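Engineer: Okay, handing you the structure first.
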Amino acid sequence: MRELLRRSITGIVYVFLLLSSVFLSSDAFDFLFMAFGLACLYEFKRLVKIRGYYVFLAYLALWWAFIYIVQDFTIIRLLMVITITVNLALLSYLFSNKEPGFSDIQKLLLAIFYIGGGCIFLTMIPYQNDEFAQYLIMGIFILIWVNDTFAYLVGSTLGKNKLFPSISPKKTIEGSVGGLIFALVAAYIISGYEPILSRNQWMILAMVLVTTGNIGDLLESKFKRAAGVKDSGAILPGHGGILDRLDSLIFAAPFAYLTLIVFSYVS
């Protein structure tokens, strides 16, 4: 009971912080996710044992450049392609039965593009058509939360078939399907309040977010298993670290950004 109360209080504070940053100002949102990115990077650095602190400087330089300086869409696309390529390359690590050793260069690239790139595109998503689309980014948060919540609820009540037992023994196929179904329902409802995307586009975006978000969650679980830890950190009582909360969003962000780019061309 005490653990449930602690998780609930932490969750409420976390959601309140996100909501406040989104609706306070775009600068508050930018600063919050820059800080979240640093926290995720710190936790990932400990998981894979990156030496030194130069990775933080590299992330800050890249984040500052792409959030405030770079306006050339070609360069932004290049970062997106690199980030997605790194994420796709990580699939071989996820599905490998062996534990490959990453070189120092590979660890640095993973930190900058898998973690840093994900945080950068998560920050860039609301800036569509030169405006800060508050309800667009909130809709994306809601879809991830709905998927996570109902995947757990459906999995814990109806789940029988394990999704990926070697990585995450508690996740089930039934839970994943349940999370997707409820996320699609949420997308249908959100489309009635957020006019930037059509109903069909919200449904497609939900499928992209759920699919890539689930992969991101499994991927972080494998990194934690390889490091021999339960959580990436302990900053959120009852929930673990910041990376534990944002793993789905960080992996899904560049794919969601690509989906929004496609929508802008096909609308």
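Chain labels run A, B, ... following the order of the structure tokens; each chain numbers its residues from 1, and ligands are numbered from 1 in the order shown.
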Taking the chain letters and numbering used in this document, name the residues of segment 48-197 of chain A that DSSP puts in strand (DSSP E or B), as a list in words.
Structural biologist: Tyr127, Gln128, Glu131, Phe132, Lys162, Leu163, Phe164, Ser168, Pro169, Lys170, Lys171 and Thr172 of chain A
Engineer: Counting only C-alpha atoms, what is within 6 Å of segment 242-258 of chain A, bar same-chain residues fewer than 5 positions away, as a list in words?
Structural biologist: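 Skipping anything fewer than 5 positions along the chain leaves Cys40, Gly118, Cys119, Phe121, Leu122, Leu209, Thr212, Gly213, Gly216 and Asp217 of chain A.
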Engineer: Using backbone DSSP assignments, extract all alpha helix (DSSP H) residues from segment 48-260 of chain A; output them as a PyMOL selection string.
Structural biologist: chain A and resi 48+54-64+73-94+104-109+118-124+134-158+173-190+199-227+242-260
Engineer: Taking only C-alpha atoms into account, name the residue in A:Thr83, A:Ser25, A:Ser264, A:Ser20 that is nearest to Phe132 of chain A.
Structural biologist: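 Nearest candidate to Phe132 of chain A out of A:Thr83, A:Ser25, A:Ser264, A:Ser20: A:Ser25.
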Engineer: Which residues, written as a list in words, have at least one atom at most 12 Å from Ile76 of chain A, with only C-alpha atoms counted and residues fewer than 2 positions away on the same chain left out?
Structural biologist: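 Residues near the query, excluding close chain neighbours: Leu62, Trp63, Ala65, Phe66, Ile67, Ile69, Val70, Gln71, Asp72, Phe73, Thr74, Leu78, Leu79, Met80, Val81, Ile82, Thr83, Gly117, Ile120, Phe121, Met124, Pro254, Tyr257, Leu258 and Ile261 of chain A.
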Engineer: Selection from above, C-alpha atoms, as a tab-separated table (two decimals), in the first residue's frame, can you write it?
Structural biologist:
chain	number	residue	atom	x	y	z
A	62	LEU	CA	23.94	19.37	-30.40
A	63	TRP	CA	20.74	20.21	-28.52
A	65	ALA	CA	22.36	23.93	-32.21
A	66	PHE	CA	19.23	22.12	-33.38
A	67	ILE	CA	16.77	23.83	-31.05
A	69	ILE	CA	20.39	27.78	-34.34
A	70	VAL	CA	19.92	25.29	-37.19
A	71	GLN	CA	17.07	26.28	-39.50
A	72	ASP	CA	18.13	24.33	-42.58
A	73	PHE	CA	15.63	21.51	-42.97
A	74	THR	CA	18.19	19.42	-44.86
A	78	LEU	CA	20.27	14.46	-41.72
A	79	LEU	CA	20.18	14.31	-37.91
A	80	MET	CA	16.85	12.49	-38.12
A	81	VAL	CA	18.25	9.92	-40.56
A	82	ILE	CA	21.33	9.34	-38.37
A	83	THR	CA	19.21	9.00	-35.22
A	117	GLY	CA	18.86	12.59	-30.68
A	120	ILE	CA	16.16	16.64	-29.40
A	121	PHE	CA	13.36	15.37	-31.66
A	124	MET	CA	11.26	19.65	-31.75
A	254	PRO	CA	12.46	10.48	-34.28
A	257	TYR	CA	8.89	13.30	-36.18
A	258	LEU	CA	9.34	11.45	-39.49
A	261	ILE	CA	6.97	15.17	-41.90
Engineer: Might you pull out every residue within 9 Å of segment 163-168 of chain A, with only C-alpha atoms counted and same-chain residues fewer than 2 positions away left off, and present them as a list in words?
Structural biologist: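 Near segment 163-168 of chain A, the qualifying residues are Leu94, Asn161, Lys170, Lys171, Thr172, Ile173, Glu174, Gly175, Ser176, Leu218, Leu219, Ser221, Lys222 and Arg225 of chain A.
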Engineer: Of the candidates A:Phe23, A:Met203, A:Glu43, A:Ser156, which shows the shortest atom-to-atom distance to Ile189 of chain A, using only C-alpha atoms?
Structural biologist: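 Nearest candidate to Ile189 of chain A out of A:Phe23, A:Met203, A:Glu43, A:Ser156: A:Met203.
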Engineer: Atom CA of Trp202 of chain A and atom CA of Ile115 of chain A are how many Å apart?
Structural biologist: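 Atom-to-atom, atom CA of Trp202 of chain A and atom CA of Ile115 of chain A are spaced 25.1 Å apart.
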Engineer: So, with only C-alpha atoms as the atoms that count, which of A:Asp104, A:Leu38, A:Leu91, A:Asp27 lies closest to Gly52 of chain A?
Structural biologist: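 Nearest to Gly52 of chain A: A:Asp104.
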Engineer: Would you work out the distance separating atom CA of Leu184 of chain A from atom CA of Val262 of chain A, expressed in Å to one decimal?
Structural biologist: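 About the pair atom CA of Leu184 of chain A and atom CA of Val262 of chain A: they are 19.5 Å apart.
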Engineer: Using only C-alpha atoms, which protein or nucleic acid residues come within 9 Å of Leu18 of chain A? Drop anything in the same chain fewer than 3 positions from it, and give the result as a ChimeraX atom specification.
Structural biologist: /A:13-15,21-23,29,32,138
